[in-house]
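run.tsv (TSV, C-alpha atoms)
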chain	number	residue	atom	x	y	z
A	1	MET	CA	-40.44	-46.55	66.10
A	2	ALA	CA	-39.34	-49.39	63.84
A	3	SER	CA	-42.30	-51.47	65.03
A	4	LEU	CA	-44.88	-48.83	64.14
A	5	ASP	CA	-46.85	-48.76	60.91
A	6	ARG	CA	-45.40	-46.44	58.29
A	7	VAL	CA	-47.26	-44.04	56.02
A	8	LYS	CA	-45.56	-42.21	53.13
A	9	VAL	CA	-46.80	-38.73	52.17
A	10	LEU	CA	-45.35	-36.68	49.30
A	11	VAL	CA	-44.99	-32.91	49.69
A	12	LEU	CA	-45.12	-31.36	46.21
A	13	GLY	CA	-45.03	-27.84	44.81
A	14	ASP	CA	-42.83	-25.30	43.06
A	15	SER	CA	-39.44	-24.33	44.41
A	16	GLY	CA	-39.66	-21.44	46.85
A	17	VAL	CA	-43.23	-22.01	48.05
A	18	GLY	CA	-42.05	-23.08	51.52
A	19	LYS	CA	-42.25	-26.89	51.43
A	20	SER	CA	-39.16	-27.40	53.61
A	21	SER	CA	-40.38	-24.87	56.17
A	22	LEU	CA	-43.78	-26.58	56.22
A	23	VAL	CA	-42.32	-30.06	56.71
A	24	HIS	CA	-40.09	-28.83	59.52
A	25	LEU	CA	-43.07	-27.22	61.23
A	26	LEU	CA	-45.18	-30.37	60.85
A	27	CYS	CA	-42.48	-32.71	62.13
A	28	GLN	CA	-40.56	-30.62	64.68
A	29	ASN	CA	-43.33	-28.21	65.72
A	30	GLN	CA	-40.92	-25.32	65.33
A	31	VAL	CA	-39.95	-22.75	62.71
A	32	LEU	CA	-37.11	-23.59	60.32
A	33	GLY	CA	-34.49	-20.91	60.89
A	34	ASN	CA	-32.53	-21.01	57.63
A	35	PRO	CA	-34.45	-22.81	54.88
A	36	SER	CA	-32.46	-23.83	51.81
A	37	TRP	CA	-33.27	-25.27	48.39
A	38	THR	CA	-34.03	-28.99	48.43
A	39	VAL	CA	-31.96	-31.04	46.00
A	40	GLY	CA	-33.53	-34.38	45.14
A	41	CYS	CA	-35.67	-35.24	48.12
A	42	SER	CA	-35.56	-34.65	51.88
A	43	VAL	CA	-37.44	-36.92	54.31
A	44	ASP	CA	-38.62	-36.07	57.82
A	45	VAL	CA	-40.83	-38.05	60.20
A	46	ARG	CA	-43.94	-37.11	62.16
A	47	VAL	CA	-45.49	-39.36	64.83
A	48	GLN	CA	-49.28	-39.47	64.58
A	49	ASP	CA	-52.01	-40.98	66.77
A	50	TYR	CA	-54.89	-42.45	64.80
A	51	LYS	CA	-58.25	-41.62	66.46
A	52	GLU	CA	-56.44	-40.12	69.43
A	53	GLY	CA	-58.33	-40.37	72.71
A	54	THR	CA	-60.62	-43.21	71.56
A	55	PRO	CA	-60.50	-46.99	72.16
A	56	ASP	CA	-59.30	-47.36	68.55
A	57	GLU	CA	-56.26	-45.14	69.11
A	58	LYS	CA	-53.12	-46.41	67.40
A	59	THR	CA	-49.75	-44.71	66.96
A	60	PHE	CA	-48.07	-44.73	63.55
A	61	TYR	CA	-45.45	-42.60	61.86
A	62	ILE	CA	-45.59	-40.51	58.73
A	63	GLU	CA	-42.66	-40.04	56.38
A	64	LEU	CA	-42.99	-36.63	54.72
A	65	TRP	CA	-41.07	-36.66	51.43
A	66	ASP	CA	-40.21	-33.10	50.43
A	67	VAL	CA	-39.52	-33.39	46.69
A	68	GLY	CA	-37.36	-30.63	45.23
A	69	GLY	CA	-37.24	-29.27	41.71
A	70	SER	CA	-39.37	-27.22	39.37
A	71	VAL	CA	-42.45	-28.41	37.52
A	72	GLY	CA	-40.89	-26.95	34.39
A	73	SER	CA	-37.86	-29.24	34.57
A	74	VAL	CA	-36.78	-31.25	31.55
A	75	SER	CA	-38.16	-34.76	31.11
A	76	SER	CA	-34.97	-36.42	32.38
A	77	VAL	CA	-35.30	-34.63	35.72
A	78	LYS	CA	-38.97	-35.57	35.93
A	79	SER	CA	-37.99	-39.17	35.27
A	80	THR	CA	-35.49	-38.99	38.13
A	81	ARG	CA	-38.17	-37.62	40.47
A	82	ALA	CA	-40.43	-40.55	39.58
A	83	VAL	CA	-38.43	-42.82	41.90
A	84	PHE	CA	-39.86	-40.86	44.84
A	85	TYR	CA	-43.45	-41.50	43.75
A	86	ASN	CA	-43.61	-45.22	44.57
A	87	SER	CA	-45.85	-46.65	47.33
A	88	VAL	CA	-47.42	-43.30	48.22
A	89	ASN	CA	-50.23	-43.10	50.79
A	90	GLY	CA	-51.01	-39.41	50.36
A	91	ILE	CA	-49.95	-36.12	48.78
A	92	ILE	CA	-49.73	-32.61	50.23
A	93	LEU	CA	-49.87	-30.01	47.45
A	94	VAL	CA	-48.17	-26.78	48.53
A	95	HIS	CA	-48.53	-23.39	46.86
A	96	ASP	CA	-47.55	-19.80	47.65
A	97	LEU	CA	-50.70	-17.74	48.21
A	98	THR	CA	-48.90	-14.65	46.87
A	99	ASN	CA	-47.92	-16.44	43.63
A	100	LYS	CA	-50.85	-17.48	41.42
A	101	LYS	CA	-48.55	-19.41	39.08
A	102	SER	CA	-47.51	-21.75	41.90
A	103	SER	CA	-51.20	-22.54	42.44
A	104	GLN	CA	-51.80	-23.29	38.75
A	105	ASN	CA	-48.73	-25.54	38.66
A	106	LEU	CA	-50.24	-27.86	41.28
A	107	TYR	CA	-52.28	-29.47	38.49
A	108	ARG	CA	-49.03	-30.37	36.73
A	109	TRP	CA	-47.43	-31.63	39.93
A	110	SER	CA	-50.39	-33.92	40.57
A	111	LEU	CA	-50.29	-35.21	37.00
A	112	GLU	CA	-46.60	-36.00	37.34
A	113	ALA	CA	-46.95	-37.86	40.64
A	114	LEU	CA	-50.19	-39.71	40.00
A	115	ASN	CA	-49.29	-40.78	36.47
A	116	LYS	CA	-45.59	-41.50	36.98
A	117	ASP	CA	-45.70	-44.73	34.97
A	118	SER	CA	-47.13	-43.05	31.86
A	119	SER	CA	-44.55	-40.21	31.70
A	120	PRO	CA	-47.15	-37.41	31.70
A	121	THR	CA	-46.21	-34.11	30.13
A	122	GLY	CA	-48.68	-31.94	32.03
A	123	VAL	CA	-49.39	-30.03	28.81
A	124	ILE	CA	-52.46	-27.80	28.83
A	125	VAL	CA	-54.69	-28.47	25.83
A	126	SER	CA	-56.21	-25.70	23.75
A	127	ASN	CA	-59.36	-25.21	25.84
A	128	GLY	CA	-57.32	-24.40	28.96
A	129	ASP	CA	-58.11	-27.73	30.61
A	130	TYR	CA	-55.93	-30.77	31.19
A	131	ASP	CA	-56.47	-33.86	29.11
A	132	ARG	CA	-58.26	-36.09	31.62
A	133	GLU	CA	-57.14	-39.18	29.67
A	134	GLN	CA	-53.78	-38.72	31.38
A	135	PHE	CA	-55.31	-39.64	34.72
A	136	ALA	CA	-55.10	-43.17	36.06
A	137	GLU	CA	-57.29	-44.61	38.78
A	138	ASN	CA	-56.13	-43.10	42.03
A	139	PRO	CA	-56.89	-43.92	45.69
A	140	VAL	CA	-54.45	-41.34	47.08
A	141	PRO	CA	-55.91	-38.65	49.40
A	142	LEU	CA	-54.82	-35.06	48.80
A	143	LEU	CA	-54.42	-32.01	51.04
A	144	LEU	CA	-53.98	-28.47	49.74
A	145	ILE	CA	-51.78	-26.10	51.77
A	146	GLY	CA	-51.27	-22.43	50.95
A	147	THR	CA	-48.26	-20.71	52.50
A	148	LYS	CA	-47.31	-17.06	53.20
A	149	PHE	CA	-50.83	-16.18	54.28
A	150	ASP	CA	-49.38	-13.35	56.37
A	151	GLN	CA	-48.05	-11.65	53.23
A	152	ILE	CA	-51.47	-11.18	51.63
A	153	PRO	CA	-52.81	-7.61	52.03
A	154	GLU	CA	-56.12	-7.45	53.88
A	155	ASN	CA	-57.90	-6.03	50.83
A	156	LYS	CA	-56.77	-9.01	48.71
A	157	ARG	CA	-57.59	-11.86	51.09
A	158	ASN	CA	-61.15	-12.50	49.93
A	159	GLU	CA	-59.96	-12.73	46.33
A	160	VAL	CA	-57.16	-15.14	47.22
A	161	LEU	CA	-59.34	-17.32	49.46
A	162	THR	CA	-61.95	-17.58	46.70
A	163	ARG	CA	-59.26	-18.82	44.34
A	164	THR	CA	-58.00	-21.42	46.83
A	165	ALA	CA	-61.57	-22.61	47.41
A	166	PHE	CA	-61.82	-23.39	43.68
A	167	LEU	CA	-58.53	-25.28	43.91
A	168	SER	CA	-59.81	-27.26	46.86
A	169	GLU	CA	-62.93	-28.19	44.90
A	170	ASP	CA	-60.93	-29.25	41.84
A	171	PHE	CA	-58.70	-31.55	43.89
A	172	ASN	CA	-61.55	-32.76	46.12
A	173	ALA	CA	-59.28	-31.89	49.04
A	174	GLU	CA	-59.47	-29.87	52.23
A	175	GLU	CA	-57.41	-26.69	52.31
A	176	ILE	CA	-55.20	-25.13	54.95
A	177	ASN	CA	-53.78	-21.62	54.62
A	178	LEU	CA	-50.99	-20.61	56.98
A	179	ASP	CA	-47.76	-18.82	57.74
A	180	CYS	CA	-44.94	-21.35	58.20
A	181	THR	CA	-43.11	-18.93	60.51
A	182	ASN	CA	-45.97	-18.99	63.02
A	183	PRO	CA	-46.73	-22.34	64.76
A	184	ARG	CA	-50.03	-20.96	66.06
A	185	TYR	CA	-51.62	-21.68	62.68
A	186	LEU	CA	-51.37	-25.40	63.52
A	187	ALA	CA	-51.94	-25.18	67.28
A	188	ALA	CA	-53.93	-28.00	68.87
A	189	GLY	CA	-57.66	-27.44	68.69
A	190	THR	CA	-57.58	-25.07	65.71
A	191	SER	CA	-59.51	-25.91	62.55
A	192	ASN	CA	-56.20	-26.32	60.70
A	193	ALA	CA	-54.97	-28.89	63.23
A	194	VAL	CA	-58.25	-30.80	62.93
A	195	LYS	CA	-58.02	-30.85	59.13
A	196	LEU	CA	-54.42	-32.04	59.32
A	197	SER	CA	-55.21	-34.90	61.70
A	198	ARG	CA	-58.20	-35.91	59.60
A	199	PHE	CA	-55.97	-36.01	56.50
A	200	PHE	CA	-53.29	-38.14	58.18
A	201	ASP	CA	-55.92	-40.47	59.65
A	202	LYS	CA	-57.16	-41.14	56.11
A	203	HIS	CA	-53.74	-42.50	55.25
A	204	PHE	CA	-53.63	-44.86	58.17
A	205	PHE	CA	-57.13	-46.11	57.35
A	206	SER	CA	-56.07	-46.55	53.72
A	207	LEU	CA	-52.94	-48.39	54.83
A	208	SER	CA	-55.02	-50.71	57.01
A	209	LEU	CA	-57.25	-51.56	54.04
A	210	GLN	CA	-54.19	-52.33	51.90
A	211	MET	CA	-52.82	-54.62	54.59
A	212	THR	CA	-56.10	-56.58	54.58
A	213	GLY	CA	-56.02	-56.86	50.80
A	214	PHE	CA	-58.78	-54.33	50.03
A	215	THR	CA	-58.51	-50.91	48.42
A	216	ASP	CA	-61.24	-48.58	47.29
A	217	ARG	CA	-60.02	-47.17	43.99
A	218	LYS	CA	-61.52	-44.05	42.48
A	219	ARG	CA	-60.76	-42.29	39.24
A	220	PHE	CA	-58.82	-39.10	39.92
A	221	ASN	CA	-60.65	-36.45	37.97
A	222	PHE	CA	-61.00	-32.67	38.06
A	223	LYS	CA	-64.58	-31.42	37.86
A	224	SER	CA	-63.38	-28.04	36.59
A	225	LEU	CA	-60.28	-25.89	36.51
A	226	HIS	CA	-60.27	-22.22	37.47
A	227	TYR	CA	-57.39	-19.99	36.39
A	228	ASP	CA	-58.93	-16.55	36.87
What is this structure when it is put down as structure tokens?
Amino acid sequence: MASLDRVKVLVLGDSGVGKSSLVHLLCQNQVLGNPSWTVGCSVDVRVQDYKEGTPDEKTFYIELWDVGGSVGSVSSVKSTRAVFYNSVNGIILVHDLTNKKSSQNLYRWSLEALNKDSSPTGVIVSNGDYDREQFAENPVPLLLIGTKFDQIPENKRNEVLTRTAFLSEDFNAEEINLDCTNPRYLAAGTSNAVKLSRFFDKHFFSLSLQMTGFTDRKRFNFKSLHYD
């Protein structure tokens, strides 16, 4: 594995949303029996085949960095977390579908990770929007994952899925909603599995461009924020 190309992906979100369970499922393809709070950062590895089944197929490995802590932590803790945000090829933003606050906090998590050098505060300005001046140019692909899908009552699912669709639009990212205790949500051939592979392939393509000295930088910007 040491000879394979390496891609680093951050896994960010509030404590208790299921990041550790998600990472274990992605890397071990099995349910995490006794999840615990992550202190600092935990790293697991997933082997991925770029363009699997084609002449361009290439195997690489993905380091999934599960960053612990709360978005409301004091600035000194945020500064400590910043050491995990170096040389990132992608970010998975994780929220609990039964907890609207964890969804709203993803904007703050992204601000913290993408603007680590400018010590962002993630403060909401008076009009309910984030100050877009805090955003730096960003080439990092994002993926939005909602957990605990099984805990949403049937009569609330349309409402929740509408909210996550707005989130997906704001982050310009594909969304996956799942239950981390059920591997079938990521079974081969499902739409979720396709989205996941497409997301990881973006990182390898991005890494290849960096290795050839070319990167396509875009300004990271939210078109609109939806809190209702």
Which polymer residues have any atom within 10 Å of an atom of stretch 173-180 of chain A, counting all atoms listed in the file, with same-chain residues fewer than 4 positions away left out, as a CSV table (one decimal) with C-alpha atoms, keeping the file's coordinate frame?
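This went into part.csv:
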chain,number,residue,atom,x,y,z
A,18,GLY,CA,-42.0,-23.1,51.5
A,19,LYS,CA,-42.2,-26.9,51.4
A,20,SER,CA,-39.2,-27.4,53.6
A,21,SER,CA,-40.4,-24.9,56.2
A,22,LEU,CA,-43.8,-26.6,56.2
A,23,VAL,CA,-42.3,-30.1,56.7
A,24,HIS,CA,-40.1,-28.8,59.5
A,25,LEU,CA,-43.1,-27.2,61.2
A,26,LEU,CA,-45.2,-30.4,60.8
A,30,GLN,CA,-40.9,-25.3,65.3
A,31,VAL,CA,-40.0,-22.8,62.7
A,32,LEU,CA,-37.1,-23.6,60.3
A,92,ILE,CA,-49.7,-32.6,50.2
A,93,LEU,CA,-49.9,-30.0,47.4
A,94,VAL,CA,-48.2,-26.8,48.5
A,95,HIS,CA,-48.5,-23.4,46.9
A,96,ASP,CA,-47.6,-19.8,47.6
A,97,LEU,CA,-50.7,-17.7,48.2
A,141,PRO,CA,-55.9,-38.6,49.4
A,142,LEU,CA,-54.8,-35.1,48.8
A,143,LEU,CA,-54.4,-32.0,51.0
A,144,LEU,CA,-54.0,-28.5,49.7
A,145,ILE,CA,-51.8,-26.1,51.8
A,146,GLY,CA,-51.3,-22.4,51.0
A,147,THR,CA,-48.3,-20.7,52.5
A,148,LYS,CA,-47.3,-17.1,53.2
A,149,PHE,CA,-50.8,-16.2,54.3
A,150,ASP,CA,-49.4,-13.4,56.4
A,151,GLN,CA,-48.0,-11.6,53.2
A,161,LEU,CA,-59.3,-17.3,49.5
A,164,THR,CA,-58.0,-21.4,46.8
A,165,ALA,CA,-61.6,-22.6,47.4
A,167,LEU,CA,-58.5,-25.3,43.9
A,168,SER,CA,-59.8,-27.3,46.9
A,169,GLU,CA,-62.9,-28.2,44.9
A,184,ARG,CA,-50.0,-21.0,66.1
A,185,TYR,CA,-51.6,-21.7,62.7
A,186,LEU,CA,-51.4,-25.4,63.5
A,191,SER,CA,-59.5,-25.9,62.6
A,192,ASN,CA,-56.2,-26.3,60.7
A,193,ALA,CA,-55.0,-28.9,63.2
A,195,LYS,CA,-58.0,-30.8,59.1
A,196,LEU,CA,-54.4,-32.0,59.3
A,198,ARG,CA,-58.2,-35.9,59.6
A,199,PHE,CA,-56.0,-36.0,56.5
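Counting from atom CA of A:Gln28, the distance to atom CA of A:Ser15 is 21.3 Å.
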What gap, in Å, lies between atom CA of A:Asn29 and atom CA of A:Asp56?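 Computed distance, atom CA of A:Asn29 to atom CA of A:Asp56, equals 25.1 Å.
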Coordinates-based distance that separates atom CA of A:Asn155 from atom CA of A:Thr190 (Å, one decimal):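 The value is 24.2 Å.
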Tell me which of A:Tyr107, A:Phe84, A:Phe166, A:Phe200 sits closest to A:Val43, counting only C-alpha atoms.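 Ranking A:Tyr107, A:Phe84, A:Phe166, A:Phe200 by distance to A:Val43, first place goes to A:Phe84.
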Using the file's own x, y and z axes, what box holds all listed atoms of stretch 167-173 of chain A with 8 Å on each side, keeping edges along x, y and z, and what are its centre and edge lengths in Å to one decimal, as AutoDock Vina command-line options?
--center_x -60.7 --center_y -29.0 --center_z 45.4 --size_x 20.4 --size_y 23.5 --size_z 23.2
Go through A:Trp109, A:Phe171, A:Asp5, A:Val83 one by one, measure the shortest atom-to-atom distance of each to A:Tyr61 using only C-alpha atoms, and give the residue with the smallest value.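 Once distances to A:Tyr61 are computed over only C-alpha atoms, the minimum belongs to A:Asp5.
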Which is closest to A:Thr80 among A:Glu52, A:Ile62, A:Gln104, A:Gly40, if we use all atoms listed in the file?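 Using all atoms listed in the file, the shortest distance to A:Thr80 belongs to A:Gly40.
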Between A:Trp65, A:Gly53, A:Asn158, A:Val17, which has the minimum distance to A:Lys100 (counting only C-alpha atoms)?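 Among A:Trp65, A:Gly53, A:Asn158, A:Val17, it is A:Val17 that comes nearest to A:Lys100.
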Tell me which of A:Lys8, A:Arg163, A:Lys101, A:Arg157 sits closest to A:Asp66, counting only C-alpha atoms. A:Lys8
